[in-house]
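Presented below is the structure to which this report refers.
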Amino acid sequence: MIIVVGEVRFGKGELQRLRTSLEMLAAASRHEPGCLHFSLAYDALDPDLLIVSHRWSDEHSMGAHYRSGHVLQLNDLVDEDKIEAMSIKAYDGRLIRTLMSR
């Protein structure tokens, strides 16, 4: 399993401008082969911070996601000058254990 986590800090108002496109990206991504989890979250205390969380069954599925039409389409809409910081990392999730559950 590949676990992807990170955050993107956008310039003021840019995340709000992209909100509908991000929602469409999330909806499409959840139906991709190998997608186990796909979430984009808006920080409750920072309206310009996007939190990224994905899980993929394997490297091939994750790679196909980043080459998909809906990801490329979103990339065309993003104003690179409005991204102030970005850090998204992938981890090999071979050891998974539950820390908390209900």
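Ordering of the structure tokens sets the chain letters (A, B, ...); residue numbers start at 1 within each chain; ligands are numbered from 1 in the order shown.
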Exercise for the section: With a distance cut-off of 10 Å and only C-alpha atoms, select the neighbouring residues of Ser29 (chain A), excluding the residue or stretch itself and same-chain residues fewer than 2 positions from it, and output the selection as a list of chain:residue names. Expected result: A:Glu23, A:Met24, A:Leu25, A:Ala26, A:Ala27, A:His31, A:Glu32, A:Pro33, A:Gly34, A:Cys35, A:Leu36, A:His37, A:Phe38, A:Ser39, A:His54, A:His65, A:Tyr66, A:Ser68, A:His70, A:Val71
Given the selection you just returned, output its residues as a file containing all heavy atoms, formatted as a compact mmCIF listing (two decimals), in the first residue's frame.
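This went into selection_20.txt:
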# COMPACT_ATOMS: atom_id res chain seq x y z
N GLU A 23 -13.23 19.40 -5.64
CA GLU A 23 -14.29 18.44 -5.32
C GLU A 23 -14.50 17.46 -6.47
O GLU A 23 -14.68 16.26 -6.25
CB GLU A 23 -15.57 19.19 -4.97
CG GLU A 23 -15.47 19.91 -3.63
CD GLU A 23 -16.60 20.88 -3.36
OE1 GLU A 23 -17.54 20.98 -4.20
OE2 GLU A 23 -16.55 21.55 -2.32
N MET A 24 -14.43 17.95 -7.71
CA MET A 24 -14.58 17.07 -8.88
C MET A 24 -13.38 16.13 -8.97
O MET A 24 -13.55 14.95 -9.30
CB MET A 24 -14.74 17.90 -10.15
CG MET A 24 -16.08 18.62 -10.18
SD MET A 24 -16.52 19.57 -11.66
CE MET A 24 -15.05 19.88 -12.51
N LEU A 25 -12.19 16.62 -8.66
CA LEU A 25 -11.00 15.77 -8.66
C LEU A 25 -11.14 14.65 -7.64
O LEU A 25 -10.86 13.48 -7.94
CB LEU A 25 -9.75 16.60 -8.33
CG LEU A 25 -8.49 15.79 -8.05
CD1 LEU A 25 -7.89 15.28 -9.34
CD2 LEU A 25 -7.49 16.60 -7.27
N ALA A 26 -11.58 14.97 -6.44
CA ALA A 26 -11.73 13.96 -5.39
C ALA A 26 -12.76 12.91 -5.80
O ALA A 26 -12.53 11.71 -5.64
CB ALA A 26 -12.12 14.62 -4.07
N ALA A 27 -13.88 13.35 -6.35
CA ALA A 27 -14.93 12.41 -6.75
C ALA A 27 -14.42 11.45 -7.83
O ALA A 27 -14.64 10.24 -7.76
CB ALA A 27 -16.16 13.16 -7.24
N HIS A 31 -12.89 6.81 -7.72
CA HIS A 31 -13.34 5.72 -8.59
C HIS A 31 -12.21 5.11 -9.41
O HIS A 31 -12.45 4.20 -10.20
CB HIS A 31 -14.46 6.20 -9.52
CG HIS A 31 -15.70 6.58 -8.78
ND1 HIS A 31 -16.53 5.65 -8.22
CD2 HIS A 31 -16.23 7.80 -8.49
CE1 HIS A 31 -17.54 6.27 -7.61
NE2 HIS A 31 -17.38 7.56 -7.76
N GLU A 32 -11.00 5.58 -9.22
CA GLU A 32 -9.87 5.05 -9.98
C GLU A 32 -9.48 3.65 -9.47
O GLU A 32 -9.56 3.39 -8.27
CB GLU A 32 -8.66 5.97 -9.85
CG GLU A 32 -8.80 7.28 -10.56
CD GLU A 32 -7.56 8.14 -10.41
OE1 GLU A 32 -6.46 7.64 -10.68
OE2 GLU A 32 -7.70 9.30 -10.00
N PRO A 33 -9.02 2.80 -10.38
CA PRO A 33 -8.52 1.48 -9.95
C PRO A 33 -7.36 1.65 -8.96
O PRO A 33 -6.47 2.48 -9.17
CB PRO A 33 -8.03 0.84 -11.25
CG PRO A 33 -8.74 1.57 -12.34
CD PRO A 33 -8.95 2.97 -11.82
N GLY A 34 -7.41 0.91 -7.88
CA GLY A 34 -6.33 0.95 -6.89
C GLY A 34 -6.46 2.02 -5.84
O GLY A 34 -5.66 2.08 -4.91
N CYS A 35 -7.47 2.89 -5.95
CA CYS A 35 -7.67 3.93 -4.93
C CYS A 35 -8.39 3.31 -3.73
O CYS A 35 -9.51 2.85 -3.84
CB CYS A 35 -8.48 5.09 -5.49
SG CYS A 35 -8.74 6.41 -4.28
N LEU A 36 -7.73 3.33 -2.60
CA LEU A 36 -8.30 2.81 -1.37
C LEU A 36 -8.91 3.92 -0.51
O LEU A 36 -9.81 3.68 0.29
CB LEU A 36 -7.23 2.07 -0.56
CG LEU A 36 -6.50 0.96 -1.31
CD1 LEU A 36 -5.35 0.43 -0.47
CD2 LEU A 36 -7.46 -0.14 -1.70
N HIS A 37 -8.39 5.13 -0.68
CA HIS A 37 -8.85 6.29 0.09
C HIS A 37 -8.36 7.53 -0.64
O HIS A 37 -7.23 7.56 -1.14
CB HIS A 37 -8.27 6.26 1.50
CG HIS A 37 -8.37 7.55 2.23
ND1 HIS A 37 -9.50 7.94 2.88
CD2 HIS A 37 -7.46 8.55 2.42
CE1 HIS A 37 -9.29 9.13 3.44
NE2 HIS A 37 -8.07 9.51 3.17
N PHE A 38 -9.20 8.55 -0.72
CA PHE A 38 -8.78 9.81 -1.33
C PHE A 38 -9.51 10.93 -0.63
O PHE A 38 -10.74 10.97 -0.61
CB PHE A 38 -9.11 9.85 -2.83
CG PHE A 38 -8.46 11.00 -3.53
CD1 PHE A 38 -7.25 10.82 -4.18
CD2 PHE A 38 -9.02 12.25 -3.52
CE1 PHE A 38 -6.64 11.88 -4.82
CE2 PHE A 38 -8.42 13.33 -4.15
CZ PHE A 38 -7.21 13.14 -4.81
N SER A 39 -8.75 11.82 -0.01
CA SER A 39 -9.37 12.92 0.71
C SER A 39 -8.57 14.20 0.52
O SER A 39 -7.34 14.19 0.57
CB SER A 39 -9.44 12.58 2.21
OG SER A 39 -10.02 13.64 2.92
N HIS A 54 -4.18 10.29 0.71
CA HIS A 54 -4.58 9.24 -0.22
C HIS A 54 -3.97 7.92 0.24
O HIS A 54 -2.92 7.90 0.86
CB HIS A 54 -4.04 9.44 -1.64
CG HIS A 54 -4.10 10.79 -2.22
ND1 HIS A 54 -3.45 11.07 -3.40
CD2 HIS A 54 -4.69 11.94 -1.85
CE1 HIS A 54 -3.65 12.33 -3.73
NE2 HIS A 54 -4.39 12.87 -2.80
N HIS A 65 -2.83 7.67 -11.39
CA HIS A 65 -3.62 8.79 -10.87
C HIS A 65 -2.99 10.12 -11.26
O HIS A 65 -3.67 11.02 -11.75
CB HIS A 65 -3.75 8.69 -9.36
CG HIS A 65 -4.21 9.96 -8.71
ND1 HIS A 65 -5.50 10.44 -8.84
CD2 HIS A 65 -3.53 10.87 -7.96
CE1 HIS A 65 -5.59 11.59 -8.19
NE2 HIS A 65 -4.42 11.87 -7.65
N TYR A 66 -1.69 10.25 -11.04
CA TYR A 66 -1.02 11.53 -11.31
C TYR A 66 -0.91 11.83 -12.81
O TYR A 66 -0.67 12.97 -13.19
CB TYR A 66 0.34 11.58 -10.62
CG TYR A 66 0.17 11.84 -9.13
CD1 TYR A 66 0.31 10.83 -8.20
CD2 TYR A 66 -0.17 13.10 -8.69
CE1 TYR A 66 0.13 11.07 -6.85
CE2 TYR A 66 -0.37 13.36 -7.34
CZ TYR A 66 -0.21 12.33 -6.42
OH TYR A 66 -0.41 12.58 -5.10
N SER A 68 -3.59 11.01 -14.80
CA SER A 68 -4.99 10.99 -15.25
C SER A 68 -5.43 12.36 -15.77
O SER A 68 -4.88 13.40 -15.40
CB SER A 68 -5.91 10.54 -14.12
OG SER A 68 -5.96 11.53 -13.11
N HIS A 70 -8.13 14.07 -15.07
CA HIS A 70 -8.66 15.02 -14.09
C HIS A 70 -7.55 15.68 -13.27
O HIS A 70 -7.69 16.83 -12.88
CB HIS A 70 -9.74 14.39 -13.20
CG HIS A 70 -9.41 13.07 -12.64
ND1 HIS A 70 -9.66 11.90 -13.30
CD2 HIS A 70 -8.83 12.71 -11.47
CE1 HIS A 70 -9.27 10.88 -12.57
NE2 HIS A 70 -8.75 11.34 -11.46
N VAL A 71 -6.44 15.00 -13.06
CA VAL A 71 -5.31 15.64 -12.36
C VAL A 71 -4.66 16.67 -13.29
O VAL A 71 -4.37 17.80 -12.88
CB VAL A 71 -4.28 14.60 -11.87
CG1 VAL A 71 -3.02 15.29 -11.37
CG2 VAL A 71 -4.88 13.73 -10.78
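Every protein or nucleic acid residue with an atom no more than 9 Å from Ser87 (chain A), counting only C-alpha atoms and leaving out same-chain residues fewer than 4 positions away, appears here: Val5, Gly6, Glu7 and Val8 of chain A.
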Exercise for the section: Compile the contact shell of Met62 (chain A) as a PyMOL selection string: residues with an atom at most 9 Å away, counting only C-alpha atoms, same-chain residues fewer than 5 positions apart removed. Expected result: chain A and resi 2+34-35+55-57+67
Could you save those same residues with all heavy atoms as an mmCIF file, in the first residue's frame?
data_model
loop_
_atom_site.group_PDB
_atom_site.id
_atom_site.type_symbol
_atom_site.label_atom_id
_atom_site.label_comp_id
_atom_site.auth_asym_id
_atom_site.auth_seq_id
_atom_site.Cartn_x
_atom_site.Cartn_y
_atom_site.Cartn_z
ATOM 1 N N ILE A 2 0.500 2.236 -0.770
ATOM 2 C CA ILE A 2 1.203 3.510 -0.811
ATOM 3 C C ILE A 2 0.320 4.541 -0.110
ATOM 4 O O ILE A 2 -0.865 4.685 -0.428
ATOM 5 C CB ILE A 2 1.475 3.965 -2.263
ATOM 6 C CG1 ILE A 2 2.185 2.856 -3.051
ATOM 7 C CG2 ILE A 2 2.256 5.270 -2.283
ATOM 8 C CD1 ILE A 2 3.508 2.430 -2.492
ATOM 9 N N GLY A 34 -7.407 0.909 -7.875
ATOM 10 C CA GLY A 34 -6.333 0.945 -6.892
ATOM 11 C C GLY A 34 -6.455 2.024 -5.838
ATOM 12 O O GLY A 34 -5.657 2.079 -4.909
ATOM 13 N N CYS A 35 -7.473 2.885 -5.947
ATOM 14 C CA CYS A 35 -7.671 3.927 -4.931
ATOM 15 C C CYS A 35 -8.388 3.313 -3.734
ATOM 16 O O CYS A 35 -9.511 2.853 -3.841
ATOM 17 C CB CYS A 35 -8.484 5.088 -5.493
ATOM 18 S SG CYS A 35 -8.744 6.410 -4.284
ATOM 19 N N ARG A 55 -4.606 6.837 -0.188
ATOM 20 C CA ARG A 55 -4.014 5.498 -0.061
ATOM 21 C C ARG A 55 -4.247 4.772 -1.377
ATOM 22 O O ARG A 55 -5.370 4.746 -1.885
ATOM 23 C CB ARG A 55 -4.634 4.720 1.102
ATOM 24 C CG ARG A 55 -4.174 5.212 2.454
ATOM 25 C CD ARG A 55 -4.552 4.267 3.598
ATOM 26 N NE ARG A 55 -5.917 3.799 3.585
ATOM 27 C CZ ARG A 55 -6.936 4.415 4.192
ATOM 28 N NH1 ARG A 55 -6.740 5.518 4.868
ATOM 29 N NH2 ARG A 55 -8.156 3.897 4.118
ATOM 30 N N TRP A 56 -3.199 4.167 -1.902
ATOM 31 C CA TRP A 56 -3.254 3.449 -3.169
ATOM 32 C C TRP A 56 -2.794 2.021 -2.961
ATOM 33 O O TRP A 56 -1.917 1.751 -2.133
ATOM 34 C CB TRP A 56 -2.362 4.146 -4.211
ATOM 35 C CG TRP A 56 -2.818 5.534 -4.476
ATOM 36 C CD1 TRP A 56 -2.379 6.682 -3.873
ATOM 37 C CD2 TRP A 56 -3.857 5.939 -5.350
ATOM 38 N NE1 TRP A 56 -3.073 7.772 -4.339
ATOM 39 C CE2 TRP A 56 -3.997 7.336 -5.255
ATOM 40 C CE3 TRP A 56 -4.694 5.246 -6.220
ATOM 41 C CZ2 TRP A 56 -4.930 8.046 -5.986
ATOM 42 C CZ3 TRP A 56 -5.629 5.962 -6.959
ATOM 43 C CH2 TRP A 56 -5.736 7.348 -6.839
ATOM 44 N N SER A 57 -3.337 1.112 -3.715
ATOM 45 C CA SER A 57 -2.979 -0.296 -3.558
ATOM 46 C C SER A 57 -1.534 -0.563 -3.955
ATOM 47 O O SER A 57 -0.900 -1.459 -3.406
ATOM 48 C CB SER A 57 -3.928 -1.183 -4.366
ATOM 49 O OG SER A 57 -3.854 -0.863 -5.733
ATOM 50 N N ARG A 67 -1.146 10.832 -13.657
ATOM 51 C CA ARG A 67 -1.163 11.042 -15.112
ATOM 52 C C ARG A 67 -2.585 11.133 -15.665
ATOM 53 O O ARG A 67 -2.776 11.313 -16.863
ATOM 54 C CB ARG A 67 -0.421 9.893 -15.808
ATOM 55 C CG ARG A 67 1.067 9.865 -15.535
ATOM 56 C CD ARG A 67 1.778 8.797 -16.362
ATOM 57 N NE ARG A 67 1.252 7.445 -16.172
ATOM 58 C CZ ARG A 67 1.622 6.603 -15.202
ATOM 59 N NH1 ARG A 67 2.522 6.977 -14.319
ATOM 60 N NH2 ARG A 67 1.094 5.397 -15.123
#
Skipping near chain neighbours, those fewer than 3 positions away, what residues fall within 9 Å of Leu18 (chain A) using only C-alpha atoms, listed as a JSON list (two decimals) with N, CA and C atoms, in the first residue's frame?
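out01.json written:
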[["chain", "number", "residue", "atom", "x", "y", "z"],
["A", 13, "GLY", "N", -7.36, 33.34, -0.98],
["A", 13, "GLY", "CA", -8.50, 33.20, -1.88],
["A", 13, "GLY", "C", -8.35, 32.18, -2.98],
["A", 14, "GLU", "N", -7.15, 31.69, -3.25],
["A", 14, "GLU", "CA", -6.93, 30.76, -4.36],
["A", 14, "GLU", "C", -7.59, 29.41, -4.10],
["A", 15, "LEU", "N", -7.52, 28.93, -2.88],
["A", 15, "LEU", "CA", -8.14, 27.64, -2.56],
["A", 15, "LEU", "C", -9.65, 27.71, -2.73],
["A", 21, "SER", "N", -13.40, 22.59, -8.48],
["A", 21, "SER", "CA", -12.51, 21.72, -9.26],
["A", 21, "SER", "C", -11.88, 20.66, -8.37],
["A", 22, "LEU", "N", -11.52, 21.01, -7.14],
["A", 22, "LEU", "CA", -10.95, 20.04, -6.20],
["A", 22, "LEU", "C", -11.98, 18.99, -5.81],
["A", 23, "GLU", "N", -13.23, 19.40, -5.64],
["A", 23, "GLU", "CA", -14.29, 18.44, -5.32],
["A", 23, "GLU", "C", -14.50, 17.46, -6.47],
["A", 74, "LEU", "N", -6.81, 19.79, -13.51],
["A", 74, "LEU", "CA", -6.68, 20.65, -12.34],
["A", 74, "LEU", "C", -5.35, 21.41, -12.38],
["A", 77, "LEU", "N", -5.54, 24.56, -14.13],
["A", 77, "LEU", "CA", -6.30, 25.62, -13.47],
["A", 77, "LEU", "C", -5.53, 26.30, -12.34],
["A", 78, "VAL", "N", -4.52, 25.61, -11.81],
["A", 78, "VAL", "CA", -3.79, 26.13, -10.66],
["A", 78, "VAL", "C", -2.83, 27.22, -11.12]]
Exercise for the section: May I have all residues of chain A that DSSP, computed from the backbone, assigns to alpha helix (DSSP H), given as a PyMOL selection string? Expected result: chain A and resi 14-29+59-66+69-77
Handout entry: Per-residue DSSP, chain A, filtered to strand (DSSP E or B), as number ranges by chain
Key = A: 2-10, 35-42, 49-56, 83-92
Quick one: write out the picked residues with N, CA, C and O atoms as a compact mmCIF listing (two decimals), in the first residue's frame?
# COMPACT_ATOMS: atom_id res chain seq x y z
N ILE A 2 0.50 2.24 -0.77
CA ILE A 2 1.20 3.51 -0.81
C ILE A 2 0.32 4.54 -0.11
O ILE A 2 -0.87 4.68 -0.43
N ILE A 3 0.90 5.26 0.84
CA ILE A 3 0.19 6.28 1.59
C ILE A 3 0.75 7.63 1.18
O ILE A 3 1.97 7.85 1.22
N VAL A 4 -0.12 8.53 0.76
CA VAL A 4 0.28 9.87 0.33
C VAL A 4 -0.33 10.87 1.30
O VAL A 4 -1.54 10.85 1.53
N VAL A 5 0.51 11.71 1.87
CA VAL A 5 0.03 12.76 2.78
C VAL A 5 0.80 14.04 2.50
O VAL A 5 1.95 14.02 2.08
N GLY A 6 0.15 15.14 2.75
CA GLY A 6 0.83 16.42 2.57
C GLY A 6 -0.10 17.59 2.72
O GLY A 6 -1.25 17.45 3.15
N GLU A 7 0.45 18.73 2.37
CA GLU A 7 -0.34 19.96 2.43
C GLU A 7 0.15 20.94 1.37
O GLU A 7 1.30 20.89 0.94
N VAL A 8 -0.79 21.78 0.96
CA VAL A 8 -0.50 22.83 -0.01
C VAL A 8 -1.02 24.13 0.56
O VAL A 8 -2.20 24.23 0.91
N ARG A 9 -0.14 25.11 0.67
CA ARG A 9 -0.55 26.44 1.14
C ARG A 9 -0.72 27.34 -0.09
O ARG A 9 0.20 27.55 -0.85
N PHE A 10 -1.94 27.80 -0.26
CA PHE A 10 -2.28 28.68 -1.37
C PHE A 10 -2.29 30.13 -0.93
O PHE A 10 -2.49 30.43 0.26
N CYS A 35 -7.47 2.89 -5.95
CA CYS A 35 -7.67 3.93 -4.93
C CYS A 35 -8.39 3.31 -3.73
O CYS A 35 -9.51 2.85 -3.84
N LEU A 36 -7.73 3.33 -2.60
CA LEU A 36 -8.30 2.81 -1.37
C LEU A 36 -8.91 3.92 -0.51
O LEU A 36 -9.81 3.68 0.29
N HIS A 37 -8.39 5.13 -0.68
CA HIS A 37 -8.85 6.29 0.09
C HIS A 37 -8.36 7.53 -0.64
O HIS A 37 -7.23 7.56 -1.14
N PHE A 38 -9.20 8.55 -0.72
CA PHE A 38 -8.78 9.81 -1.33
C PHE A 38 -9.51 10.93 -0.63
O PHE A 38 -10.74 10.97 -0.61
N SER A 39 -8.75 11.82 -0.01
CA SER A 39 -9.37 12.92 0.71
C SER A 39 -8.57 14.20 0.52
O SER A 39 -7.34 14.19 0.57
N LEU A 40 -9.29 15.27 0.28
CA LEU A 40 -8.73 16.62 0.28
C LEU A 40 -9.52 17.37 1.34
O LEU A 40 -10.75 17.39 1.30
N ALA A 41 -8.83 17.98 2.29
CA ALA A 41 -9.52 18.64 3.41
C ALA A 41 -9.06 20.09 3.51
O ALA A 41 -7.91 20.41 3.23
N TYR A 42 -9.97 20.90 3.96
CA TYR A 42 -9.69 22.31 4.19
C TYR A 42 -9.46 22.51 5.68
O TYR A 42 -10.27 22.09 6.50
N LEU A 49 -5.13 26.59 3.47
CA LEU A 49 -4.34 25.37 3.60
C LEU A 49 -5.17 24.15 3.21
O LEU A 49 -6.23 23.90 3.78
N LEU A 50 -4.66 23.40 2.24
CA LEU A 50 -5.29 22.17 1.78
C LEU A 50 -4.50 20.98 2.33
O LEU A 50 -3.28 20.93 2.21
N ILE A 51 -5.20 20.04 2.95
CA ILE A 51 -4.59 18.84 3.49
C ILE A 51 -4.89 17.69 2.52
O ILE A 51 -6.03 17.47 2.14
N VAL A 52 -3.86 16.95 2.15
CA VAL A 52 -3.96 15.87 1.18
C VAL A 52 -3.77 14.53 1.89
O VAL A 52 -2.83 14.38 2.66
N SER A 53 -4.63 13.56 1.60
CA SER A 53 -4.52 12.23 2.18
C SER A 53 -5.05 11.21 1.17
O SER A 53 -6.22 11.28 0.80
N HIS A 54 -4.18 10.29 0.71
CA HIS A 54 -4.58 9.24 -0.22
C HIS A 54 -3.97 7.92 0.24
O HIS A 54 -2.92 7.90 0.86
N ARG A 55 -4.61 6.84 -0.19
CA ARG A 55 -4.01 5.50 -0.06
C ARG A 55 -4.25 4.77 -1.38
O ARG A 55 -5.37 4.75 -1.89
N TRP A 56 -3.20 4.17 -1.90
CA TRP A 56 -3.25 3.45 -3.17
C TRP A 56 -2.79 2.02 -2.96
O TRP A 56 -1.92 1.75 -2.13
N ILE A 83 0.68 29.33 -5.28
CA ILE A 83 1.08 28.28 -4.35
C ILE A 83 2.28 28.80 -3.58
O ILE A 83 3.35 29.03 -4.15
N GLU A 84 2.10 29.00 -2.29
CA GLU A 84 3.16 29.55 -1.46
C GLU A 84 4.09 28.47 -0.92
O GLU A 84 5.27 28.71 -0.71
N ALA A 85 3.55 27.28 -0.68
CA ALA A 85 4.36 26.16 -0.19
C ALA A 85 3.61 24.87 -0.48
O ALA A 85 2.38 24.85 -0.50
N MET A 86 4.38 23.80 -0.72
CA MET A 86 3.75 22.52 -0.97
C MET A 86 4.71 21.42 -0.54
O MET A 86 5.90 21.47 -0.83
N SER A 87 4.16 20.44 0.17
CA SER A 87 4.91 19.25 0.55
C SER A 87 3.95 18.06 0.54
O SER A 87 3.04 18.00 1.36
N ILE A 88 4.14 17.18 -0.43
CA ILE A 88 3.32 15.97 -0.54
C ILE A 88 4.27 14.80 -0.67
O ILE A 88 5.12 14.79 -1.56
N LYS A 89 4.14 13.85 0.23
CA LYS A 89 5.07 12.72 0.28
C LYS A 89 4.32 11.40 0.20
O LYS A 89 3.19 11.29 0.66
N ALA A 90 4.98 10.41 -0.39
CA ALA A 90 4.43 9.06 -0.49
C ALA A 90 5.26 8.15 0.40
O ALA A 90 6.49 8.23 0.43
N TYR A 91 4.57 7.26 1.10
CA TYR A 91 5.21 6.32 2.00
C TYR A 91 4.78 4.91 1.64
O TYR A 91 3.64 4.67 1.28
N ASP A 92 5.70 3.98 1.77
CA ASP A 92 5.40 2.58 1.58
C ASP A 92 4.77 2.09 2.87
O ASP A 92 5.42 2.04 3.90
Handout entry: A:Gly63, A:Thr98, A:Asp43, A:Gly11 ranked by distance to Glu80 (chain A), top pick (using only C-alpha atoms)
Key = A:Gly11
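With CA of Arg97 (chain A) on one side and CA of Asp58 (chain A) on the other, the separation reads 18.2 Å.
Nearest residue to Gln73 (chain A), choosing from A:Asp48, A:Lys12, A:Ala28, A:Arg102 and counting only C-alpha atoms: A:Ala28.
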